[in-house]
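Following: one structure in structure tokens, then a few remarks.
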Number of protein chains: 2
Amino acid sequence: MARLLVKDCIIIPITGEVISEGVIAIEDDQLFYVGPARGLPPEWVADEVIEARDRVALPGLINAHTHAAMTLLRNFADDLPLKTWLEEKIWPQEAKLERQDIYWGTQLALLEMLRSGTTTFADMYFHMEAVAEAVIASGMRACLARGLIGYQDRLGLRLRSAEAFARQWQGAGEGRVTTMLGPHAPYTCPPEYLKKVMAAAERVGVGLHIHLAETRGEVEEMRRQYGRTPVELMESLGLFELPAVAAHCVHLTPLEIEILARRGVGVAHCPESNLKLGSGIAPVSEMLSKGVKVGIGTDSAASNNNLDMLEETRLAALLAKGLCQEPTLIPAARALQMATLNGAAALGLEDKIGSLEAGKKADVVLINLKQPHLYPVYDPQASLVYAARGSDVETVIVNGKVLMYKGEVRTIDEDKVMAEVSRCIEKFS
Amino acid sequence: MARLLVKDCIIIPITGEVISEGVIAIEDDQLFYVGPARGLPPEWVADEVIEARDRVALPGLINAHTHAAMTLLRNFADDLPLKTWLEEKIWPQEAKLERQDIYWGTQLALLEMLRSGTTTFADMYFHMEAVAEAVIASGMRACLARGLIGYQDRLGLRLRSAEAFARQWQGAGEGRVTTMLGPHAPYTCPPEYLKKVMAAAERVGVGLHIHLAETRGEVEEMRRQYGRTPVELMESLGLFELPAVAAHCVHLTPLEIEILARRGVGVAHCPESNLKLGSGIAPVSEMLSKGVKVGIGTDSAASNNNLDMLEETRLAALLAKGLCQEPTLIPAARALQMATLNGAAALGLEDKIGSLEAGKKADVVLINLKQPHLYPVYDPQASLVYAARGSDVETVIVNGKVLMYKGEVRTIDEDKVMAEVSRCIEKFS
């Protein structure tokens, strides 16, 4: 049994009070003890010790919605109307992507996510076997779904391969990989197709990852076509009887918020992408107050344009305050909960990850607070949410393994990834 | 004469097209040449060369509104109603601050600003001699004003000392320090007091730095007291006949925007502080389209809670797009212009700084684009605005002097500053 001890750090367990000085004892892939040093049994002796004075420890951040391989298109096209951006810029390039491109684009995303404290992410894209392989090699955790566009899948071949992927990779990588089915959105997947996807999900025993109510245009289109808003349409199809994570949820009626809460739908709030694409600002405070499980996602690097969850969490907290002109909304502790435990709950993983508690998987991030832009430290939760940035993450542990130590990523070769990405994107020029 | 050459970098001059590979030749404190290497006279030989391949060069960022020494109160109190935050948390601590506290708090801010690419900032606080001394020692550039609260200055003693400060320090530090007078806001400075401040500013020949239209409450209060909105009130007093920089400007009528444009008032847009304090979102697109000189400010680290101008610039661009649901608003190039040239114009320094052009002062920032979260690089302006963070700044030159080189600040002792700050804040606990 491997025993790892993180010593003398401030601990933000998420599910309890901040511990001003404590230790985290890890056995293999699990948290054995989290608390003041005096609570650790004296006979418990570590094989490896990480000294963490002036560091704050928190659960690994959970990116509840992204398309990792789209790092290949980071800063490729910006400041354009959504339709032009998608149809003239993004889709023509995506059509050129092959399996190896997805593999290296995903590696670049994993590198960025690890460096900035994300340990788990929910991904929806294609060539998902390549994504799964990259995730397993990196040591990270991910919830993977092949994106399905009903209008491009008349014969159901993609759905069949998505179902096979979900079945085959569920629990792979010592349980670090979980799977879902990924019907893209109501405007790309007509009701008949969605029903087939739901049936497949039930057969495999997995949930669904879908884009929902992202733009005003989508809501109008759904109303026109089906006489229902996107969330109402999903409800009428029975889609929320399956576990589901809905990305965006920007344009919602009070009735829709009530449906999301009642059905236990996980929402992946993507504030930066929603602003950048001009989609709008999601009613996060209202969702939280009604009990909706709202996690945080970056969306892809093509519309963000980074995968920095600390920045995204800050933006979630700030936007809610500014939009409602109420500074008490989404205080720092609540924002951190969204980025961790709520994300876990949205992905159906709240029993395994999302907080630092004995018995959970050992996904831990250490951040150095003794830096000019984080100093002084009166309130470590406020430091993280309102002042820190991804580059402040120093050490990352996933499933009990140290994947990054003092800024050095151990499982991904940074130079190789950047060189391979350069080669992959030659076809874009 | 000292000759410094920055070689082989991407250059964003702000006033012209991006140069995909070029050099920046500096003579003493000035830019001698900016452009492709072939345009530099062969007889021009550098004393010192900075190799900058994979780096992007841009003008030093200009923070158009802050209270530097308030880094002492970073993360001290957050998520509170504005009145509670100010009256119960911030003001009682500020009342304890002495000259040495302001000096060290400012040093901490300078360290953070330098590290994140800010070369010039506009400051309003008290014990401004301490601020000026810290600025001069650091090598940075600043526009300094002693904050004046009319209701606390019945005898005019503070105004007299502010006037003396403005006169004495104007042009100090080889011209790096400029001064203004700083009437705090219309709700703290009644019209009669503002007139006295205006008269003093005219005597010294300096402009004014004021908070304006920050909250809905302020607008209502001014309407009730004077029958005018804040900008209308200033206009009626003739305040805008002096050069002025107005911080915040969140709640404006179309008529007020027209006044700000016609009078050439500089606006310091502080999006993060405005969100965090629940003040709202300023109509930046409308101001820019009417020709208002809108720069960007962080406000203090007590309400932000960092001084990262890249983050602030990103937020300015994103908020405009999201609020108006129009992704084409404030494209990357325009956002960078706000953070540099517009800030310079707001402070009356556009002839000296804000762009990379021969003849201007040599304030240059180098950012390493070859990092996972900025890779690949299709559009360096989009990289900076939508993906970069303050920690990506590698090298900073101000007035021709290299103040930070590859992450090492040469003019401020980081350990000493943090130790002194720890001592200063003991009185808060």
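Within each chain, counting starts at residue 1; across the structure tokens, chains are named A, B, ... in the order shown, with ligands numbered 1 upward in that order.
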
- From a DSSP pass on the backbone, collect the residues of segment 94-263 of chain A flagged as helix (DSSP H, G or I) and hand them back as a VMD selection string. chain A and resid 94 99 to 115 128 to 138 150 to 152 157 to 169 191 to 204 216 to 226 230 to 237 239 to 241 254 to 262

- Message: Could you tell me which residues of chain A sit within 8 Å of chain B when counting only C-alpha atoms, and give me the result as a PyMOL selection string?
- Response: chain A and resi 71-76+78-82+108-109+111-112+272+274-281+304-307+318-319+321-332+372-379+382-383+386-387+389+391+414+418+421-422

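Distances from B:Ile50, B:Gly16, B:Leu237, B:Gln337 to Ala199 of chain B were compared using only C-alpha atoms, and the smallest one belongs to B:Leu237.
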
- Who sits within 10 Å of Val365 of chain A, only C-alpha atoms, same chain under 3 positions skipped, as a list in words: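 Neighbouring residues, sequence-local ones excluded: Arg55, Val56, Ala57, Leu58, Pro59, Gly60, Leu61, Leu114, Ser116, Gly117, Thr118, Thr119, Ala362, Val393, Glu394, Thr395, Val396, Ile397, Val398, Val402 and Met404 of chain A.
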
- Query: So how far away is atom CA of Leu255 of chain A from atom CA of Glu220 of chain A, in Å?
  - Reply: 16.3 Å

- For Tyr103 of chain A, please output as a PyMOL selection string all residues within 8 Å (counting only C-alpha atoms; exclusion window: fewer than 6 positions along the same chain). chain A and resi 69+130-131+133-134

Selection file, all heavy atoms, as a PDB file, in the first residue's frame:
```
ATOM      1  N   ALA A  69     -10.166  18.679 -27.453  1.00  0.00           N
ATOM      2  CA  ALA A  69      -9.304  18.729 -28.637  1.00  0.00           C
ATOM      3  C   ALA A  69      -9.414  20.052 -29.396  1.00  0.00           C
ATOM      4  O   ALA A  69      -8.580  20.350 -30.262  1.00  0.00           O
ATOM      5  CB  ALA A  69      -9.629  17.563 -29.562  1.00  0.00           C
ATOM      6  N   ALA A 130      -9.497   8.187 -28.935  1.00  0.00           N
ATOM      7  CA  ALA A 130      -8.235   8.923 -28.826  1.00  0.00           C
ATOM      8  C   ALA A 130      -8.223   9.767 -27.551  1.00  0.00           C
ATOM      9  O   ALA A 130      -7.202   9.891 -26.871  1.00  0.00           O
ATOM     10  CB  ALA A 130      -8.028   9.803 -30.059  1.00  0.00           C
ATOM     11  N   VAL A 131      -9.379  10.351 -27.236  1.00  0.00           N
ATOM     12  CA  VAL A 131      -9.489  11.160 -26.018  1.00  0.00           C
ATOM     13  C   VAL A 131      -9.283  10.261 -24.794  1.00  0.00           C
ATOM     14  O   VAL A 131      -8.518  10.592 -23.886  1.00  0.00           O
ATOM     15  CB  VAL A 131     -10.863  11.866 -25.949  1.00  0.00           C
ATOM     16  CG1 VAL A 131     -10.991  12.656 -24.653  1.00  0.00           C
ATOM     17  CG2 VAL A 131     -11.057  12.783 -27.159  1.00  0.00           C
ATOM     18  N   GLU A 133      -7.727   7.426 -24.562  1.00  0.00           N
ATOM     19  CA  GLU A 133      -6.324   6.991 -24.446  1.00  0.00           C
ATOM     20  C   GLU A 133      -5.456   8.094 -23.840  1.00  0.00           C
ATOM     21  O   GLU A 133      -4.601   7.839 -22.991  1.00  0.00           O
ATOM     22  CB  GLU A 133      -5.776   6.599 -25.828  1.00  0.00           C
ATOM     23  CG  GLU A 133      -6.269   5.224 -26.271  1.00  0.00           C
ATOM     24  CD  GLU A 133      -5.998   4.972 -27.746  1.00  0.00           C
ATOM     25  OE1 GLU A 133      -5.169   5.698 -28.347  1.00  0.00           O
ATOM     26  OE2 GLU A 133      -6.630   4.054 -28.298  1.00  0.00           O
ATOM     27  N   ALA A 134      -5.673   9.320 -24.292  1.00  0.00           N
ATOM     28  CA  ALA A 134      -4.894  10.444 -23.758  1.00  0.00           C
ATOM     29  C   ALA A 134      -5.173  10.625 -22.273  1.00  0.00           C
ATOM     30  O   ALA A 134      -4.254  10.843 -21.475  1.00  0.00           O
ATOM     31  CB  ALA A 134      -5.220  11.719 -24.537  1.00  0.00           C
TER      32      ALA A 134
END
```

Could you pull the residues within 6 Å of segment 243-254 of chain A, counting only C-alpha atoms, minus those fewer than 6 positions along the same chain, as a PDB file with N, CA, C and O atoms, in the first residue's frame?
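Written output follows (part.pdb):
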```
ATOM      1  N   GLY A 207     -25.538   8.136 -18.382  1.00  0.00           N
ATOM      2  CA  GLY A 207     -26.310   9.362 -18.510  1.00  0.00           C
ATOM      3  C   GLY A 207     -26.066  10.058 -19.840  1.00  0.00           C
ATOM      4  O   GLY A 207     -25.418   9.513 -20.740  1.00  0.00           O
ATOM      5  N   LEU A 208     -26.598  11.278 -19.933  1.00  0.00           N
ATOM      6  CA  LEU A 208     -26.515  12.045 -21.174  1.00  0.00           C
ATOM      7  C   LEU A 208     -25.834  13.391 -20.934  1.00  0.00           C
ATOM      8  O   LEU A 208     -26.019  14.011 -19.890  1.00  0.00           O
ATOM      9  N   HIS A 209     -25.092  13.836 -21.921  1.00  0.00           N
ATOM     10  CA  HIS A 209     -24.435  15.148 -21.889  1.00  0.00           C
ATOM     11  C   HIS A 209     -24.948  15.910 -23.115  1.00  0.00           C
ATOM     12  O   HIS A 209     -24.772  15.457 -24.235  1.00  0.00           O
ATOM     13  N   ILE A 210     -25.613  17.037 -22.893  1.00  0.00           N
ATOM     14  CA  ILE A 210     -26.278  17.754 -23.991  1.00  0.00           C
ATOM     15  C   ILE A 210     -26.094  19.265 -23.829  1.00  0.00           C
ATOM     16  O   ILE A 210     -25.924  19.760 -22.717  1.00  0.00           O
ATOM     17  N   HIS A 211     -26.068  20.005 -24.948  1.00  0.00           N
ATOM     18  CA  HIS A 211     -26.123  21.473 -24.908  1.00  0.00           C
ATOM     19  C   HIS A 211     -27.593  21.881 -24.846  1.00  0.00           C
ATOM     20  O   HIS A 211     -28.389  21.380 -25.637  1.00  0.00           O
ATOM     21  N   LEU A 212     -27.925  22.839 -23.966  1.00  0.00           N
ATOM     22  CA  LEU A 212     -29.339  23.195 -23.819  1.00  0.00           C
ATOM     23  C   LEU A 212     -29.510  24.695 -23.551  1.00  0.00           C
ATOM     24  O   LEU A 212     -28.825  25.247 -22.697  1.00  0.00           O
ATOM     25  N   ALA A 213     -30.432  25.303 -24.298  1.00  0.00           N
ATOM     26  CA  ALA A 213     -30.822  26.700 -24.063  1.00  0.00           C
ATOM     27  C   ALA A 213     -29.612  27.633 -24.054  1.00  0.00           C
ATOM     28  O   ALA A 213     -29.516  28.528 -23.225  1.00  0.00           O
ATOM     29  N   GLU A 214     -28.726  27.419 -25.025  1.00  0.00           N
ATOM     30  CA  GLU A 214     -27.512  28.236 -25.060  1.00  0.00           C
ATOM     31  C   GLU A 214     -27.786  29.639 -25.592  1.00  0.00           C
ATOM     32  O   GLU A 214     -27.235  30.608 -25.082  1.00  0.00           O
ATOM     33  N   VAL A 265     -31.262  17.555 -12.762  1.00  0.00           N
ATOM     34  CA  VAL A 265     -30.370  17.728 -13.913  1.00  0.00           C
ATOM     35  C   VAL A 265     -29.137  18.530 -13.489  1.00  0.00           C
ATOM     36  O   VAL A 265     -29.260  19.539 -12.786  1.00  0.00           O
ATOM     37  N   GLY A 266     -27.963  18.078 -13.884  1.00  0.00           N
ATOM     38  CA  GLY A 266     -26.751  18.848 -13.638  1.00  0.00           C
ATOM     39  C   GLY A 266     -26.614  19.912 -14.713  1.00  0.00           C
ATOM     40  O   GLY A 266     -26.808  19.640 -15.899  1.00  0.00           O
ATOM     41  N   VAL A 267     -26.295  21.129 -14.297  1.00  0.00           N
ATOM     42  CA  VAL A 267     -26.092  22.201 -15.275  1.00  0.00           C
ATOM     43  C   VAL A 267     -24.619  22.575 -15.294  1.00  0.00           C
ATOM     44  O   VAL A 267     -24.005  22.756 -14.241  1.00  0.00           O
ATOM     45  N   ALA A 268     -24.029  22.650 -16.495  1.00  0.00           N
ATOM     46  CA  ALA A 268     -22.649  23.122 -16.634  1.00  0.00           C
ATOM     47  C   ALA A 268     -22.705  24.581 -17.094  1.00  0.00           C
ATOM     48  O   ALA A 268     -22.972  24.870 -18.256  1.00  0.00           O
ATOM     49  N   HIS A 269     -22.487  25.461 -16.142  1.00  0.00           N
ATOM     50  CA  HIS A 269     -22.496  26.904 -16.406  1.00  0.00           C
ATOM     51  C   HIS A 269     -21.167  27.274 -17.067  1.00  0.00           C
ATOM     52  O   HIS A 269     -20.101  26.975 -16.517  1.00  0.00           O
ATOM     53  N   CYS A 270     -21.224  27.916 -18.224  1.00  0.00           N
ATOM     54  CA  CYS A 270     -20.008  28.263 -18.982  1.00  0.00           C
ATOM     55  C   CYS A 270     -19.971  29.769 -19.222  1.00  0.00           C
ATOM     56  O   CYS A 270     -20.175  30.236 -20.348  1.00  0.00           O
ATOM     57  N   ILE A 281     -26.074  35.803 -20.338  1.00  0.00           N
ATOM     58  CA  ILE A 281     -25.629  35.479 -18.973  1.00  0.00           C
ATOM     59  C   ILE A 281     -26.680  34.589 -18.318  1.00  0.00           C
ATOM     60  O   ILE A 281     -27.837  34.976 -18.214  1.00  0.00           O
ATOM     61  N   ALA A 282     -26.276  33.410 -17.891  1.00  0.00           N
ATOM     62  CA  ALA A 282     -27.219  32.437 -17.316  1.00  0.00           C
ATOM     63  C   ALA A 282     -27.708  32.890 -15.941  1.00  0.00           C
ATOM     64  O   ALA A 282     -26.964  33.522 -15.191  1.00  0.00           O
ATOM     65  N   ALA A 346     -23.064  16.986 -10.838  1.00  0.00           N
ATOM     66  CA  ALA A 346     -23.602  17.094 -12.202  1.00  0.00           C
ATOM     67  C   ALA A 346     -23.192  15.891 -13.043  1.00  0.00           C
ATOM     68  O   ALA A 346     -23.936  15.455 -13.926  1.00  0.00           O
TER      69      ALA A 346
END
```

What lies within 8 Å of Met338 of chain A using only C-alpha atoms, ignoring chain neighbours under 6 positions off, as a PDB file with N, CA and C atoms, in the first residue's frame?
```pdb
ATOM      1  N   VAL A 294     -25.640  23.243 -10.111  1.00  0.00           N
ATOM      2  CA  VAL A 294     -24.913  24.015 -11.114  1.00  0.00           C
ATOM      3  C   VAL A 294     -23.409  23.859 -10.905  1.00  0.00           C
ATOM      4  N   GLY A 295     -22.739  23.211 -11.843  1.00  0.00           N
ATOM      5  CA  GLY A 295     -21.282  23.156 -11.867  1.00  0.00           C
ATOM      6  C   GLY A 295     -20.762  24.189 -12.862  1.00  0.00           C
ATOM      7  N   ILE A 296     -19.462  24.172 -13.094  1.00  0.00           N
ATOM      8  CA  ILE A 296     -18.849  25.173 -13.964  1.00  0.00           C
ATOM      9  C   ILE A 296     -18.052  24.482 -15.058  1.00  0.00           C
ATOM     10  N   THR A 313     -14.398  30.244 -12.465  1.00  0.00           N
ATOM     11  CA  THR A 313     -15.119  30.270 -11.187  1.00  0.00           C
ATOM     12  C   THR A 313     -15.274  31.712 -10.698  1.00  0.00           C
TER      13      THR A 313
END
```

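Omitting segment 171-184 of chain A and its sequence neighbours fewer than 3 positions away, and counting only C-alpha atoms, the residues within 7 Å are Met124, Ile136, Met140, Arg141, Ala142, Cys143, Leu144, Ala145, Arg146, Gly147, Leu148, Ile149, Ala162, Ala166, Thr188, Cys189, Leu194, Ala201, Val206, Gly207, Leu208, His209, Ile210 and His211 of chain A.
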
- Task: Rank nothing, just name the residue among A:Lys293, A:Ser20, A:Lys406, A:Glu256 nearest to Asn368 of chain A, using only C-alpha atoms.
- Result: A:Lys406

- Task: DSSP on the backbone, then: every residue of segment 198-362 of chain B marked strand (DSSP E or B), written as a ChimeraX atom specification.
- Result: /B:207-212,244-248,266-269,293-296,361

Written file, previous selection with N, CA, C and O atoms, as a CSV table (one decimal), in the first residue's frame:
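Wrote it out as again15.csv, contents follow:
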```
chain,number,residue,atom,x,y,z
B,207,GLY,N,-4.8,68.1,-14.0
B,207,GLY,CA,-6.2,67.6,-14.1
B,207,GLY,C,-6.8,67.0,-12.9
B,207,GLY,O,-6.2,67.1,-11.8
B,208,LEU,N,-7.9,66.4,-13.0
B,208,LEU,CA,-8.6,65.9,-11.8
B,208,LEU,C,-8.9,64.4,-12.0
B,208,LEU,O,-9.2,63.9,-13.1
B,209,HIS,N,-8.9,63.7,-10.9
B,209,HIS,CA,-9.2,62.2,-10.9
B,209,HIS,C,-10.3,62.1,-9.9
B,209,HIS,O,-10.2,62.4,-8.8
B,210,ILE,N,-11.5,61.6,-10.4
B,210,ILE,CA,-12.7,61.5,-9.6
B,210,ILE,C,-13.5,60.2,-9.8
B,210,ILE,O,-13.4,59.6,-10.9
B,211,HIS,N,-14.2,59.7,-8.8
B,211,HIS,CA,-15.1,58.6,-9.0
B,211,HIS,C,-16.4,59.2,-9.4
B,211,HIS,O,-16.9,60.2,-8.8
B,212,LEU,N,-17.1,58.6,-10.4
B,212,LEU,CA,-18.3,59.2,-11.0
B,212,LEU,C,-19.3,58.1,-11.4
B,212,LEU,O,-18.9,57.2,-12.1
B,244,ALA,N,-9.8,65.6,-17.1
B,244,ALA,CA,-10.4,64.8,-16.0
B,244,ALA,C,-10.4,63.4,-16.4
B,244,ALA,O,-10.6,63.0,-17.5
B,245,VAL,N,-10.2,62.5,-15.4
B,245,VAL,CA,-10.4,61.1,-15.6
B,245,VAL,C,-11.4,60.7,-14.5
B,245,VAL,O,-11.3,61.0,-13.3
B,246,ALA,N,-12.5,60.1,-15.1
B,246,ALA,CA,-13.6,59.7,-14.2
B,246,ALA,C,-13.7,58.2,-14.1
B,246,ALA,O,-13.8,57.5,-15.1
B,247,ALA,N,-13.5,57.7,-12.9
B,247,ALA,CA,-13.5,56.2,-12.7
B,247,ALA,C,-15.0,55.7,-12.6
B,247,ALA,O,-15.8,56.4,-12.0
B,248,HIS,N,-15.2,54.5,-13.1
B,248,HIS,CA,-16.4,53.7,-13.1
B,248,HIS,C,-17.4,54.1,-14.2
B,248,HIS,O,-17.6,53.4,-15.1
B,266,GLY,N,-11.7,61.4,-19.8
B,266,GLY,CA,-11.2,60.1,-19.8
B,266,GLY,C,-12.0,59.2,-18.8
B,266,GLY,O,-12.3,59.7,-17.7
B,267,VAL,N,-12.4,58.1,-19.2
B,267,VAL,CA,-13.2,57.2,-18.3
B,267,VAL,C,-12.3,56.0,-18.0
B,267,VAL,O,-11.7,55.4,-18.9
B,268,ALA,N,-12.2,55.7,-16.7
B,268,ALA,CA,-11.5,54.4,-16.3
B,268,ALA,C,-12.6,53.4,-16.0
B,268,ALA,O,-13.3,53.4,-14.9
B,269,HIS,N,-12.7,52.5,-16.9
B,269,HIS,CA,-13.7,51.4,-16.8
B,269,HIS,C,-13.1,50.3,-15.8
B,269,HIS,O,-12.0,49.8,-16.1
B,293,LYS,N,-13.1,58.5,-24.4
B,293,LYS,CA,-11.8,57.9,-24.2
B,293,LYS,C,-11.9,56.9,-23.0
B,293,LYS,O,-11.7,57.3,-21.9
B,294,VAL,N,-12.3,55.6,-23.3
B,294,VAL,CA,-12.4,54.7,-22.2
B,294,VAL,C,-11.2,53.8,-22.1
B,294,VAL,O,-10.8,53.1,-22.9
B,295,GLY,N,-10.5,54.0,-20.9
B,295,GLY,CA,-9.4,53.2,-20.5
B,295,GLY,C,-9.9,52.1,-19.6
B,295,GLY,O,-11.1,52.0,-19.3
B,296,ILE,N,-9.0,51.3,-19.0
B,296,ILE,CA,-9.3,50.3,-18.1
B,296,ILE,C,-8.6,50.4,-16.8
B,296,ILE,O,-7.4,50.7,-16.8
B,361,LYS,N,8.1,57.2,-25.3
B,361,LYS,CA,8.9,56.6,-24.2
B,361,LYS,C,8.9,55.1,-24.3
B,361,LYS,O,7.9,54.5,-24.8
```

- Message: For a test of reading the model, state the distance in Å between atom CA of Val23 of chain B and atom CA of Leu310 of chain B, rounded to one decimal.
- Response: 23.2 Å

- Query: Of the candidates B:Gly354, B:Gly407, B:Pro283, B:Pro190, which shows the shortest atom-to-atom distance to Pro13 of chain B, using only C-alpha atoms?
  - Reply: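 Closest residue, counting only C-alpha atoms: B:Gly354.
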
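Here atom CA of Ile12 of chain A is placed at a distance of 19.4 Å from atom CA of Asp29 of chain A.
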
- Nearest-residue call for Gly264 of chain B, choices B:Ala137, B:Leu336, B:Leu239, B:Val284, using only C-alpha atoms: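 Closest residue, counting only C-alpha atoms: B:Leu239.
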
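Comparing the minimum interatomic distances between Trp91 of chain A and each of A:Glu286, A:Phe428, A:Gly227, A:Lys360, counting only C-alpha atoms, we find that A:Phe428 sits nearest.
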